[in-house]
Amino acid sequence: MNHLHIHLPYKKLVENIELVRKRRLDLEIYLNADTLDTVTGTDIERLKGYLDYLPSVTFHAPFIDLSPGGVDRLVREVTLKRFLQLIDIALILRPKAIVFHPGFNKWRFHGHKDEWLTNSIKTWSIILEKTEPLKCLIAIENIFEEDPSTLESLVNHIPSGRFGICFDIGHFNIFSKADIMEWVKRLSNQIKELHLHDNNGLSDDHLAIGDGNIDFHGFFKMLKETSVNPLLTIEVHTIEAIERSIAKMPELLAIIE
């Protein structure tokens with residue numbers, strides 16, 4: 001396991017750029033729809049200049065209202081437009097991975113699972129083609145999935161070494177009905193990135209590691225038994241939670257080293 005990325009929305013990154021530079025943080029930059037509509041090429045070039053310490057960078061794509069496997073053609077077109085806007089920025093900052101939400105929810109797609117899969121394959125095939133110059137990973141994140149079957153089916157239908165899973169242990173803790181051993185066993189060969197944050201299994205609080213009920217030690221012991229070597233991202237929502245999560249990582253990394 002290599003760099004430890006810190007998830008920061010673009011606006012928060014810019015607001016805290018001096019702290020980021022001082023700490024020489026590796027980054028996962030979240031660009032939401034408003035950012036994509038307002039940020040300019042000059043803004044991105046300026047940010048690139050601030051990142052002159054050459055951090056490892058990944059991106060998190062916008063997701064609210066978007067549906068890459070949606071039944072409605074126009075919704076898919078808007079989704080693809082947002083993703084292509086993101087890729088334009090990626091061509092400047094050259095992230096090593098981009099995390100996307102797959103948009104699957106069993107309640108929304110009841111009776112349309114096969115259509116969701118077919119449409120998803122079309123969308124991700126375009127994204128892989130457009131990101132080919134970057135050679136970056138495309139990582140699809142578990143959200144509302146109760147078991148790994150839908151994501152497993154998706155990655156099995158897209159035979160690319162650049163396409164895989166971002167396993168979010170916080171989302172797993174809230175929504176999954178399958179145990180974590182099943183997720184790791186069925187997806188370990190496809191896990192490209194981990195999102196690390198805590199909660200108490202009730203809401204998506206994005207707490208500091210250790211502030212909820214997730215067994216991170218047990219999870220890392222499980223990872224040690226696999227050949228998985230994912231990117232690591234702390235995805236908490238305050239600077240203070242970032243600092244406390246970073247402080248927890250040495251003992252977790254020691255488990256797998």
# chains A, B, ... in the order shown; residues from 1 in each chain; ligands from 1
call {"tool": "select_by_dssp", "arguments": {"residues": "segment 12-243 of chain A", "states": "alpha helix (DSSP H)", "output": "PDB file with N, CA and C atoms, in the first residue's frame"}}
result
ATOM      1  N   LYS A  12     -12.827  23.336  -0.420  1.00  0.00           N
ATOM      2  CA  LYS A  12     -12.126  23.210   0.862  1.00  0.00           C
ATOM      3  C   LYS A  12     -10.621  23.083   0.644  1.00  0.00           C
ATOM      4  N   LEU A  13     -10.233  22.424  -0.436  1.00  0.00           N
ATOM      5  CA  LEU A  13      -8.812  22.310  -0.763  1.00  0.00           C
ATOM      6  C   LEU A  13      -8.210  23.686  -1.001  1.00  0.00           C
ATOM      7  N   VAL A  14      -8.883  24.500  -1.785  1.00  0.00           N
ATOM      8  CA  VAL A  14      -8.370  25.839  -2.074  1.00  0.00           C
ATOM      9  C   VAL A  14      -8.301  26.677  -0.801  1.00  0.00           C
ATOM     10  N   GLU A  15      -9.328  26.555   0.058  1.00  0.00           N
ATOM     11  CA  GLU A  15      -9.358  27.325   1.300  1.00  0.00           C
ATOM     12  C   GLU A  15      -8.234  26.925   2.257  1.00  0.00           C
ATOM     13  N   ILE A  17      -5.207  25.498   1.296  1.00  0.00           N
ATOM     14  CA  ILE A  17      -4.083  25.095   0.457  1.00  0.00           C
ATOM     15  C   ILE A  17      -2.745  25.228   1.182  1.00  0.00           C
ATOM     16  N   GLU A  18      -2.589  26.224   2.031  1.00  0.00           N
ATOM     17  CA  GLU A  18      -1.317  26.380   2.731  1.00  0.00           C
ATOM     18  C   GLU A  18      -1.088  25.245   3.725  1.00  0.00           C
ATOM     19  N   LEU A  19      -2.156  24.824   4.415  1.00  0.00           N
ATOM     20  CA  LEU A  19      -2.046  23.682   5.324  1.00  0.00           C
ATOM     21  C   LEU A  19      -1.720  22.417   4.532  1.00  0.00           C
ATOM     22  N   VAL A  20      -2.386  22.241   3.395  1.00  0.00           N
ATOM     23  CA  VAL A  20      -2.144  21.080   2.535  1.00  0.00           C
ATOM     24  C   VAL A  20      -0.689  21.048   2.081  1.00  0.00           C
ATOM     25  N   ARG A  21      -0.177  22.211   1.688  1.00  0.00           N
ATOM     26  CA  ARG A  21       1.223  22.290   1.239  1.00  0.00           C
ATOM     27  C   ARG A  21       2.184  22.021   2.395  1.00  0.00           C
ATOM     28  N   LYS A  22       1.870  22.575   3.549  1.00  0.00           N
ATOM     29  CA  LYS A  22       2.739  22.383   4.708  1.00  0.00           C
ATOM     30  C   LYS A  22       2.819  20.916   5.097  1.00  0.00           C
ATOM     31  N   ARG A  23       1.665  20.234   5.057  1.00  0.00           N
ATOM     32  CA  ARG A  23       1.619  18.815   5.431  1.00  0.00           C
ATOM     33  C   ARG A  23       2.010  17.914   4.266  1.00  0.00           C
ATOM     34  N   ALA A  33     -20.903  19.310  -9.110  1.00  0.00           N
ATOM     35  CA  ALA A  33     -21.433  19.937 -10.313  1.00  0.00           C
ATOM     36  C   ALA A  33     -21.203  21.449 -10.316  1.00  0.00           C
ATOM     37  N   ASP A  34     -21.412  22.104  -9.170  1.00  0.00           N
ATOM     38  CA  ASP A  34     -21.195  23.553  -9.104  1.00  0.00           C
ATOM     39  C   ASP A  34     -19.745  23.899  -9.412  1.00  0.00           C
ATOM     40  N   THR A  35     -18.824  23.116  -8.897  1.00  0.00           N
ATOM     41  CA  THR A  35     -17.410  23.354  -9.191  1.00  0.00           C
ATOM     42  C   THR A  35     -17.139  23.204 -10.677  1.00  0.00           C
ATOM     43  N   LEU A  36     -17.688  22.164 -11.288  1.00  0.00           N
ATOM     44  CA  LEU A  36     -17.468  21.950 -12.713  1.00  0.00           C
ATOM     45  C   LEU A  36     -18.012  23.105 -13.548  1.00  0.00           C
ATOM     46  N   ASP A  37     -19.076  23.760 -13.080  1.00  0.00           N
ATOM     47  CA  ASP A  37     -19.674  24.875 -13.821  1.00  0.00           C
ATOM     48  C   ASP A  37     -18.965  26.201 -13.602  1.00  0.00           C
ATOM     49  N   THR A  38     -18.179  26.317 -12.528  1.00  0.00           N
ATOM     50  CA  THR A  38     -17.609  27.622 -12.190  1.00  0.00           C
ATOM     51  C   THR A  38     -16.092  27.683 -12.286  1.00  0.00           C
ATOM     52  N   GLY A  41     -10.087  26.971 -16.471  1.00  0.00           N
ATOM     53  CA  GLY A  41      -8.783  26.376 -16.738  1.00  0.00           C
ATOM     54  C   GLY A  41      -7.676  27.086 -15.989  1.00  0.00           C
ATOM     55  N   THR A  42      -7.806  28.399 -15.862  1.00  0.00           N
ATOM     56  CA  THR A  42      -6.815  29.182 -15.115  1.00  0.00           C
ATOM     57  C   THR A  42      -6.795  28.771 -13.646  1.00  0.00           C
ATOM     58  N   ASP A  43      -7.987  28.538 -13.073  1.00  0.00           N
ATOM     59  CA  ASP A  43      -8.068  28.094 -11.676  1.00  0.00           C
ATOM     60  C   ASP A  43      -7.337  26.768 -11.491  1.00  0.00           C
ATOM     61  N   ILE A  44      -7.537  25.853 -12.407  1.00  0.00           N
ATOM     62  CA  ILE A  44      -6.925  24.530 -12.286  1.00  0.00           C
ATOM     63  C   ILE A  44      -5.414  24.622 -12.476  1.00  0.00           C
ATOM     64  N   GLU A  45      -4.974  25.449 -13.398  1.00  0.00           N
ATOM     65  CA  GLU A  45      -3.529  25.633 -13.586  1.00  0.00           C
ATOM     66  C   GLU A  45      -2.910  26.269 -12.348  1.00  0.00           C
ATOM     67  N   ARG A  46      -3.644  27.189 -11.708  1.00  0.00           N
ATOM     68  CA  ARG A  46      -3.141  27.815 -10.486  1.00  0.00           C
ATOM     69  C   ARG A  46      -3.017  26.767  -9.377  1.00  0.00           C
ATOM     70  N   LEU A  47      -4.041  25.909  -9.249  1.00  0.00           N
ATOM     71  CA  LEU A  47      -3.982  24.843  -8.260  1.00  0.00           C
ATOM     72  C   LEU A  47      -2.808  23.910  -8.547  1.00  0.00           C
ATOM     73  N   LYS A  48      -2.604  23.595  -9.797  1.00  0.00           N
ATOM     74  CA  LYS A  48      -1.471  22.737 -10.165  1.00  0.00           C
ATOM     75  C   LYS A  48      -0.154  23.364  -9.721  1.00  0.00           C
ATOM     76  N   GLY A  49      -0.060  24.690  -9.831  1.00  0.00           N
ATOM     77  CA  GLY A  49       1.135  25.383  -9.372  1.00  0.00           C
ATOM     78  C   GLY A  49       1.334  25.263  -7.870  1.00  0.00           C
ATOM     79  N   TYR A  50       0.234  25.355  -7.113  1.00  0.00           N
ATOM     80  CA  TYR A  50       0.327  25.195  -5.652  1.00  0.00           C
ATOM     81  C   TYR A  50       0.755  23.778  -5.268  1.00  0.00           C
ATOM     82  N   ARG A  73     -32.791   8.114 -21.006  1.00  0.00           N
ATOM     83  CA  ARG A  73     -31.655   8.462 -21.871  1.00  0.00           C
ATOM     84  C   ARG A  73     -31.133   9.858 -21.569  1.00  0.00           C
ATOM     85  N   LEU A  74     -32.032  10.811 -21.329  1.00  0.00           N
ATOM     86  CA  LEU A  74     -31.586  12.187 -21.092  1.00  0.00           C
ATOM     87  C   LEU A  74     -30.823  12.303 -19.769  1.00  0.00           C
ATOM     88  N   VAL A  75     -31.234  11.555 -18.773  1.00  0.00           N
ATOM     89  CA  VAL A  75     -30.511  11.560 -17.500  1.00  0.00           C
ATOM     90  C   VAL A  75     -29.105  11.002 -17.706  1.00  0.00           C
ATOM     91  N   ARG A  76     -28.993   9.946 -18.495  1.00  0.00           N
ATOM     92  CA  ARG A  76     -27.665   9.389 -18.770  1.00  0.00           C
ATOM     93  C   ARG A  76     -26.801  10.384 -19.538  1.00  0.00           C
ATOM     94  N   GLU A  77     -27.417  11.138 -20.441  1.00  0.00           N
ATOM     95  CA  GLU A  77     -26.652  12.125 -21.208  1.00  0.00           C
ATOM     96  C   GLU A  77     -26.110  13.228 -20.305  1.00  0.00           C
ATOM     97  N   VAL A  78     -26.930  13.710 -19.368  1.00  0.00           N
ATOM     98  CA  VAL A  78     -26.460  14.724 -18.417  1.00  0.00           C
ATOM     99  C   VAL A  78     -25.342  14.147 -17.550  1.00  0.00           C
ATOM    100  N   THR A  79     -25.519  12.910 -17.114  1.00  0.00           N
ATOM    101  CA  THR A  79     -24.493  12.250 -16.302  1.00  0.00           C
ATOM    102  C   THR A  79     -23.173  12.189 -17.059  1.00  0.00           C
ATOM    103  N   LEU A  80     -23.237  11.760 -18.311  1.00  0.00           N
ATOM    104  CA  LEU A  80     -22.019  11.650 -19.109  1.00  0.00           C
ATOM    105  C   LEU A  80     -21.384  13.018 -19.330  1.00  0.00           C
ATOM    106  N   LYS A  81     -22.221  14.047 -19.531  1.00  0.00           N
ATOM    107  CA  LYS A  81     -21.689  15.405 -19.703  1.00  0.00           C
ATOM    108  C   LYS A  81     -20.882  15.820 -18.473  1.00  0.00           C
ATOM    109  N   ARG A  82     -21.411  15.562 -17.288  1.00  0.00           N
ATOM    110  CA  ARG A  82     -20.688  15.908 -16.057  1.00  0.00           C
ATOM    111  C   ARG A  82     -19.369  15.133 -15.972  1.00  0.00           C
ATOM    112  N   PHE A  83     -19.412  13.861 -16.303  1.00  0.00           N
ATOM    113  CA  PHE A  83     -18.202  13.057 -16.225  1.00  0.00           C
ATOM    114  C   PHE A  83     -17.144  13.546 -17.219  1.00  0.00           C
ATOM    115  N   LEU A  84     -17.570  13.959 -18.394  1.00  0.00           N
ATOM    116  CA  LEU A  84     -16.607  14.448 -19.393  1.00  0.00           C
ATOM    117  C   LEU A  84     -16.025  15.800 -18.976  1.00  0.00           C
ATOM    118  N   GLN A  85     -16.836  16.636 -18.294  1.00  0.00           N
ATOM    119  CA  GLN A  85     -16.296  17.871 -17.730  1.00  0.00           C
ATOM    120  C   GLN A  85     -15.178  17.560 -16.739  1.00  0.00           C
ATOM    121  N   LEU A  86     -15.409  16.546 -15.917  1.00  0.00           N
ATOM    122  CA  LEU A  86     -14.399  16.135 -14.939  1.00  0.00           C
ATOM    123  C   LEU A  86     -13.126  15.665 -15.641  1.00  0.00           C
ATOM    124  N   ILE A  87     -13.290  14.907 -16.696  1.00  0.00           N
ATOM    125  CA  ILE A  87     -12.129  14.377 -17.406  1.00  0.00           C
ATOM    126  C   ILE A  87     -11.302  15.502 -18.025  1.00  0.00           C
ATOM    127  N   ASP A  88     -11.957  16.579 -18.462  1.00  0.00           N
ATOM    128  CA  ASP A  88     -11.208  17.732 -18.974  1.00  0.00           C
ATOM    129  C   ASP A  88     -10.248  18.270 -17.909  1.00  0.00           C
ATOM    130  N   ILE A  89     -10.695  18.312 -16.657  1.00  0.00           N
ATOM    131  CA  ILE A  89      -9.838  18.769 -15.565  1.00  0.00           C
ATOM    132  C   ILE A  89      -8.772  17.720 -15.260  1.00  0.00           C
ATOM    133  N   ALA A  90      -9.170  16.460 -15.363  1.00  0.00           N
ATOM    134  CA  ALA A  90      -8.213  15.378 -15.104  1.00  0.00           C
ATOM    135  C   ALA A  90      -7.040  15.434 -16.081  1.00  0.00           C
ATOM    136  N   LEU A  91      -7.278  15.883 -17.290  1.00  0.00           N
ATOM    137  CA  LEU A  91      -6.206  15.968 -18.277  1.00  0.00           C
ATOM    138  C   LEU A  91      -5.143  16.990 -17.875  1.00  0.00           C
ATOM    139  N   ILE A  92      -5.508  17.913 -16.965  1.00  0.00           N
ATOM    140  CA  ILE A  92      -4.547  18.904 -16.462  1.00  0.00           C
ATOM    141  C   ILE A  92      -3.832  18.378 -15.215  1.00  0.00           C
ATOM    142  N   LEU A  93      -4.607  17.863 -14.250  1.00  0.00           N
ATOM    143  CA  LEU A  93      -4.022  17.441 -12.969  1.00  0.00           C
ATOM    144  C   LEU A  93      -3.581  15.981 -12.973  1.00  0.00           C
ATOM    145  N   LYS A 113     -32.977  -4.115 -13.283  1.00  0.00           N
ATOM    146  CA  LYS A 113     -31.571  -4.374 -12.963  1.00  0.00           C
ATOM    147  C   LYS A 113     -30.760  -4.673 -14.217  1.00  0.00           C
ATOM    148  N   ASP A 114     -31.303  -5.485 -15.119  1.00  0.00           N
ATOM    149  CA  ASP A 114     -30.574  -5.830 -16.348  1.00  0.00           C
ATOM    150  C   ASP A 114     -30.384  -4.604 -17.228  1.00  0.00           C
ATOM    151  N   GLU A 115     -31.396  -3.736 -17.276  1.00  0.00           N
ATOM    152  CA  GLU A 115     -31.281  -2.513 -18.063  1.00  0.00           C
ATOM    153  C   GLU A 115     -30.238  -1.586 -17.454  1.00  0.00           C
ATOM    154  N   TRP A 116     -30.214  -1.510 -16.120  1.00  0.00           N
ATOM    155  CA  TRP A 116     -29.187  -0.717 -15.444  1.00  0.00           C
ATOM    156  C   TRP A 116     -27.797  -1.227 -15.812  1.00  0.00           C
ATOM    157  N   LEU A 117     -27.618  -2.543 -15.813  1.00  0.00           N
ATOM    158  CA  LEU A 117     -26.317  -3.114 -16.136  1.00  0.00           C
ATOM    159  C   LEU A 117     -25.925  -2.802 -17.573  1.00  0.00           C
ATOM    160  N   THR A 118     -26.849  -2.979 -18.507  1.00  0.00           N
ATOM    161  CA  THR A 118     -26.560  -2.703 -19.922  1.00  0.00           C
ATOM    162  C   THR A 118     -26.175  -1.249 -20.133  1.00  0.00           C
ATOM    163  N   ASN A 119     -26.946  -0.345 -19.541  1.00  0.00           N
ATOM    164  CA  ASN A 119     -26.656   1.089 -19.697  1.00  0.00           C
ATOM    165  C   ASN A 119     -25.352   1.471 -18.996  1.00  0.00           C
ATOM    166  N   SER A 120     -25.084   0.864 -17.849  1.00  0.00           N
ATOM    167  CA  SER A 120     -23.846   1.141 -17.126  1.00  0.00           C
ATOM    168  C   SER A 120     -22.634   0.744 -17.959  1.00  0.00           C
ATOM    169  N   ILE A 121     -22.697  -0.422 -18.572  1.00  0.00           N
ATOM    170  CA  ILE A 121     -21.580  -0.888 -19.398  1.00  0.00           C
ATOM    171  C   ILE A 121     -21.279   0.111 -20.505  1.00  0.00           C
ATOM    172  N   LYS A 122     -22.329   0.664 -21.119  1.00  0.00           N
ATOM    173  CA  LYS A 122     -22.132   1.668 -22.176  1.00  0.00           C
ATOM    174  C   LYS A 122     -21.435   2.913 -21.632  1.00  0.00           C
ATOM    175  N   THR A 123     -21.896   3.388 -20.481  1.00  0.00           N
ATOM    176  CA  THR A 123     -21.320   4.602 -19.895  1.00  0.00           C
ATOM    177  C   THR A 123     -19.854   4.394 -19.523  1.00  0.00           C
ATOM    178  N   TRP A 124     -19.559   3.306 -18.836  1.00  0.00           N
ATOM    179  CA  TRP A 124     -18.185   3.100 -18.368  1.00  0.00           C
ATOM    180  C   TRP A 124     -17.241   2.782 -19.519  1.00  0.00           C
ATOM    181  N   SER A 125     -17.749   2.205 -20.576  1.00  0.00           N
ATOM    182  CA  SER A 125     -16.908   1.975 -21.757  1.00  0.00           C
ATOM    183  C   SER A 125     -16.474   3.295 -22.369  1.00  0.00           C
ATOM    184  N   ILE A 126     -17.375   4.272 -22.390  1.00  0.00           N
ATOM    185  CA  ILE A 126     -17.023   5.609 -22.891  1.00  0.00           C
ATOM    186  C   ILE A 126     -15.997   6.263 -21.975  1.00  0.00           C
ATOM    187  N   ILE A 127     -16.211   6.155 -20.668  1.00  0.00           N
ATOM    188  CA  ILE A 127     -15.284   6.768 -19.707  1.00  0.00           C
ATOM    189  C   ILE A 127     -13.899   6.150 -19.823  1.00  0.00           C
ATOM    190  N   LEU A 128     -13.827   4.848 -19.994  1.00  0.00           N
ATOM    191  CA  LEU A 128     -12.529   4.203 -20.163  1.00  0.00           C
ATOM    192  C   LEU A 128     -11.838   4.684 -21.437  1.00  0.00           C
ATOM    193  N   GLU A 129     -12.608   4.858 -22.496  1.00  0.00           N
ATOM    194  CA  GLU A 129     -12.025   5.351 -23.748  1.00  0.00           C
ATOM    195  C   GLU A 129     -11.500   6.776 -23.581  1.00  0.00           C
ATOM    196  N   LYS A 130     -12.286   7.633 -22.931  1.00  0.00           N
ATOM    197  CA  LYS A 130     -11.907   9.044 -22.783  1.00  0.00           C
ATOM    198  C   LYS A 130     -10.723   9.221 -21.833  1.00  0.00           C
ATOM    199  N   SER A 149     -23.084  -8.339  -5.311  1.00  0.00           N
ATOM    200  CA  SER A 149     -23.440  -8.965  -6.587  1.00  0.00           C
ATOM    201  C   SER A 149     -23.531  -7.988  -7.751  1.00  0.00           C
ATOM    202  N   THR A 150     -24.141  -6.811  -7.553  1.00  0.00           N
ATOM    203  CA  THR A 150     -24.297  -5.896  -8.695  1.00  0.00           C
ATOM    204  C   THR A 150     -22.950  -5.339  -9.150  1.00  0.00           C
ATOM    205  N   LEU A 151     -22.103  -4.958  -8.206  1.00  0.00           N
ATOM    206  CA  LEU A 151     -20.790  -4.439  -8.587  1.00  0.00           C
ATOM    207  C   LEU A 151     -19.914  -5.549  -9.164  1.00  0.00           C
ATOM    208  N   GLU A 152     -20.046  -6.747  -8.614  1.00  0.00           N
ATOM    209  CA  GLU A 152     -19.297  -7.885  -9.143  1.00  0.00           C
ATOM    210  C   GLU A 152     -19.688  -8.147 -10.592  1.00  0.00           C
ATOM    211  N   SER A 153     -20.988  -8.104 -10.873  1.00  0.00           N
ATOM    212  CA  SER A 153     -21.455  -8.313 -12.241  1.00  0.00           C
ATOM    213  C   SER A 153     -20.938  -7.228 -13.171  1.00  0.00           C
ATOM    214  N   LEU A 154     -20.948  -5.984 -12.699  1.00  0.00           N
ATOM    215  CA  LEU A 154     -20.489  -4.868 -13.535  1.00  0.00           C
ATOM    216  C   LEU A 154     -19.015  -5.015 -13.893  1.00  0.00           C
ATOM    217  N   VAL A 155     -18.160  -5.266 -12.926  1.00  0.00           N
ATOM    218  CA  VAL A 155     -16.732  -5.366 -13.232  1.00  0.00           C
ATOM    219  C   VAL A 155     -16.437  -6.599 -14.079  1.00  0.00           C
ATOM    220  N   ASN A 156     -17.218  -7.648 -13.923  1.00  0.00           N
ATOM    221  CA  ASN A 156     -17.007  -8.844 -14.733  1.00  0.00           C
ATOM    222  C   ASN A 156     -17.395  -8.632 -16.191  1.00  0.00           C
ATOM    223  N   ILE A 169     -15.802   1.363   3.282  1.00  0.00           N
ATOM    224  CA  ILE A 169     -16.166   0.576   4.462  1.00  0.00           C
ATOM    225  C   ILE A 169     -17.252   1.270   5.284  1.00  0.00           C
ATOM    226  N   GLY A 170     -17.333   2.589   5.218  1.00  0.00           N
ATOM    227  CA  GLY A 170     -18.406   3.301   5.917  1.00  0.00           C
ATOM    228  C   GLY A 170     -19.767   2.980   5.330  1.00  0.00           C
ATOM    229  N   HIS A 171     -19.875   2.985   3.997  1.00  0.00           N
ATOM    230  CA  HIS A 171     -21.139   2.640   3.342  1.00  0.00           C
ATOM    231  C   HIS A 171     -21.489   1.173   3.589  1.00  0.00           C
ATOM    232  N   PHE A 172     -20.480   0.319   3.549  1.00  0.00           N
ATOM    233  CA  PHE A 172     -20.716  -1.094   3.872  1.00  0.00           C
ATOM    234  C   PHE A 172     -21.364  -1.219   5.253  1.00  0.00           C
ATOM    235  N   ASN A 173     -20.857  -0.482   6.230  1.00  0.00           N
ATOM    236  CA  ASN A 173     -21.318  -0.610   7.606  1.00  0.00           C
ATOM    237  C   ASN A 173     -22.777  -0.210   7.768  1.00  0.00           C
ATOM    238  N   ILE A 174     -23.265   0.653   6.885  1.00  0.00           N
ATOM    239  CA  ILE A 174     -24.647   1.116   6.977  1.00  0.00           C
ATOM    240  C   ILE A 174     -25.599   0.220   6.180  1.00  0.00           C
ATOM    241  N   PHE A 175     -25.223  -0.101   4.949  1.00  0.00           N
ATOM    242  CA  PHE A 175     -26.193  -0.660   4.009  1.00  0.00           C
ATOM    243  C   PHE A 175     -26.073  -2.166   3.760  1.00  0.00           C
ATOM    244  N   ILE A 180     -18.562  -8.717   5.808  1.00  0.00           N
ATOM    245  CA  ILE A 180     -17.419  -8.125   5.112  1.00  0.00           C
ATOM    246  C   ILE A 180     -16.526  -9.185   4.479  1.00  0.00           C
ATOM    247  N   MET A 181     -16.497 -10.380   5.063  1.00  0.00           N
ATOM    248  CA  MET A 181     -15.714 -11.460   4.485  1.00  0.00           C
ATOM    249  C   MET A 181     -16.198 -11.784   3.073  1.00  0.00           C
ATOM    250  N   GLU A 182     -17.525 -11.760   2.865  1.00  0.00           N
ATOM    251  CA  GLU A 182     -18.067 -12.042   1.530  1.00  0.00           C
ATOM    252  C   GLU A 182     -17.645 -10.969   0.533  1.00  0.00           C
ATOM    253  N   TRP A 183     -17.685  -9.706   0.959  1.00  0.00           N
ATOM    254  CA  TRP A 183     -17.260  -8.623   0.073  1.00  0.00           C
ATOM    255  C   TRP A 183     -15.790  -8.789  -0.316  1.00  0.00           C
ATOM    256  N   VAL A 184     -14.962  -9.011   0.665  1.00  0.00           N
ATOM    257  CA  VAL A 184     -13.524  -9.113   0.385  1.00  0.00           C
ATOM    258  C   VAL A 184     -13.233 -10.342  -0.465  1.00  0.00           C
ATOM    259  N   LYS A 185     -13.882 -11.464  -0.151  1.00  0.00           N
ATOM    260  CA  LYS A 185     -13.644 -12.701  -0.895  1.00  0.00           C
ATOM    261  C   LYS A 185     -14.049 -12.555  -2.354  1.00  0.00           C
ATOM    262  N   ARG A 186     -15.215 -11.945  -2.602  1.00  0.00           N
ATOM    263  CA  ARG A 186     -15.745 -11.877  -3.969  1.00  0.00           C
ATOM    264  C   ARG A 186     -15.148 -10.741  -4.785  1.00  0.00           C
ATOM    265  N   LEU A 187     -14.674  -9.685  -4.122  1.00  0.00           N
ATOM    266  CA  LEU A 187     -14.215  -8.509  -4.867  1.00  0.00           C
ATOM    267  C   LEU A 187     -12.730  -8.211  -4.710  1.00  0.00           C
ATOM    268  N   PHE A 216     -11.831  -1.675  12.233  1.00  0.00           N
ATOM    269  CA  PHE A 216     -10.783  -1.449  11.244  1.00  0.00           C
ATOM    270  C   PHE A 216      -9.631  -2.438  11.403  1.00  0.00           C
ATOM    271  N   HIS A 217      -9.304  -2.809  12.625  1.00  0.00           N
ATOM    272  CA  HIS A 217      -8.225  -3.769  12.833  1.00  0.00           C
ATOM    273  C   HIS A 217      -8.570  -5.110  12.195  1.00  0.00           C
ATOM    274  N   GLY A 218      -9.793  -5.573  12.409  1.00  0.00           N
ATOM    275  CA  GLY A 218     -10.214  -6.820  11.795  1.00  0.00           C
ATOM    276  C   GLY A 218     -10.225  -6.743  10.281  1.00  0.00           C
ATOM    277  N   PHE A 219     -10.653  -5.594   9.753  1.00  0.00           N
ATOM    278  CA  PHE A 219     -10.687  -5.405   8.300  1.00  0.00           C
ATOM    279  C   PHE A 219      -9.281  -5.450   7.714  1.00  0.00           C
ATOM    280  N   PHE A 220      -8.336  -4.775   8.349  1.00  0.00           N
ATOM    281  CA  PHE A 220      -6.973  -4.768   7.833  1.00  0.00           C
ATOM    282  C   PHE A 220      -6.315  -6.135   7.969  1.00  0.00           C
ATOM    283  N   LYS A 221      -6.665  -6.885   9.010  1.00  0.00           N
ATOM    284  CA  LYS A 221      -6.165  -8.258   9.125  1.00  0.00           C
ATOM    285  C   LYS A 221      -6.692  -9.108   7.969  1.00  0.00           C
ATOM    286  N   MET A 222      -7.943  -8.869   7.584  1.00  0.00           N
ATOM    287  CA  MET A 222      -8.530  -9.579   6.459  1.00  0.00           C
ATOM    288  C   MET A 222      -7.816  -9.219   5.155  1.00  0.00           C
ATOM    289  N   LEU A 223      -7.500  -7.943   4.992  1.00  0.00           N
ATOM    290  CA  LEU A 223      -6.794  -7.506   3.784  1.00  0.00           C
ATOM    291  C   LEU A 223      -5.432  -8.170   3.670  1.00  0.00           C
ATOM    292  N   LYS A 224      -4.795  -8.383   4.803  1.00  0.00           N
ATOM    293  CA  LYS A 224      -3.466  -8.988   4.794  1.00  0.00           C
ATOM    294  C   LYS A 224      -3.491 -10.388   4.188  1.00  0.00           C
ATOM    295  N   ILE A 239     -11.319  19.028   9.239  1.00  0.00           N
ATOM    296  CA  ILE A 239      -9.858  19.008   9.338  1.00  0.00           C
ATOM    297  C   ILE A 239      -9.423  18.264  10.590  1.00  0.00           C
ATOM    298  N   GLU A 240     -10.153  18.476  11.689  1.00  0.00           N
ATOM    299  CA  GLU A 240      -9.807  17.803  12.945  1.00  0.00           C
ATOM    300  C   GLU A 240      -9.943  16.284  12.807  1.00  0.00           C
ATOM    301  N   ALA A 241     -10.985  15.832  12.106  1.00  0.00           N
ATOM    302  CA  ALA A 241     -11.181  14.397  11.894  1.00  0.00           C
ATOM    303  C   ALA A 241     -10.108  13.827  10.970  1.00  0.00           C
ATOM    304  N   ILE A 242      -9.669  14.623  10.023  1.00  0.00           N
ATOM    305  CA  ILE A 242      -8.559  14.202   9.160  1.00  0.00           C
ATOM    306  C   ILE A 242      -7.321  13.942  10.000  1.00  0.00           C
ATOM    307  N   GLU A 243      -6.980  14.895  10.877  1.00  0.00           N
ATOM    308  CA  GLU A 243      -5.772  14.771  11.696  1.00  0.00           C
ATOM    309  C   GLU A 243      -5.843  13.534  12.587  1.00  0.00           C
TER     310      GLU A 243
END
call {"tool": "closest_residue", "arguments": {"among": "A:Val228, A:Ile234, A:Leu27, A:Val71", "to": "Leu196 of chain A", "atoms": "only C-alpha atoms"}}
result
A:Ile234
call {"tool": "closest_residue", "arguments": {"among": "A:Asp204, A:Glu251, A:Asp211, A:Glu257", "to": "Glu225 of chain A", "atoms": "only C-alpha atoms"}}
result
A:Glu257
call {"tool": "residues_around", "arguments": {"residues": "Asp147 of chain A", "least_positions_apart": "3", "cutoff": "7 Å", "atoms": "only C-alpha atoms", "output": "ChimeraX atom specification"}}
result
/A:176-178
call {"tool": "closest_residue", "arguments": {"among": "A:Leu66, A:Val39, A:Ile6, A:Val57", "to": "Phe104 of chain A", "atoms": "only C-alpha atoms"}}
result
A:Leu66
call {"tool": "atom_distance", "arguments": {"atom1": "atom CA of Ile246 of chain A", "atom2": "atom CA of His5 of chain A"}}
result
9.9 Å
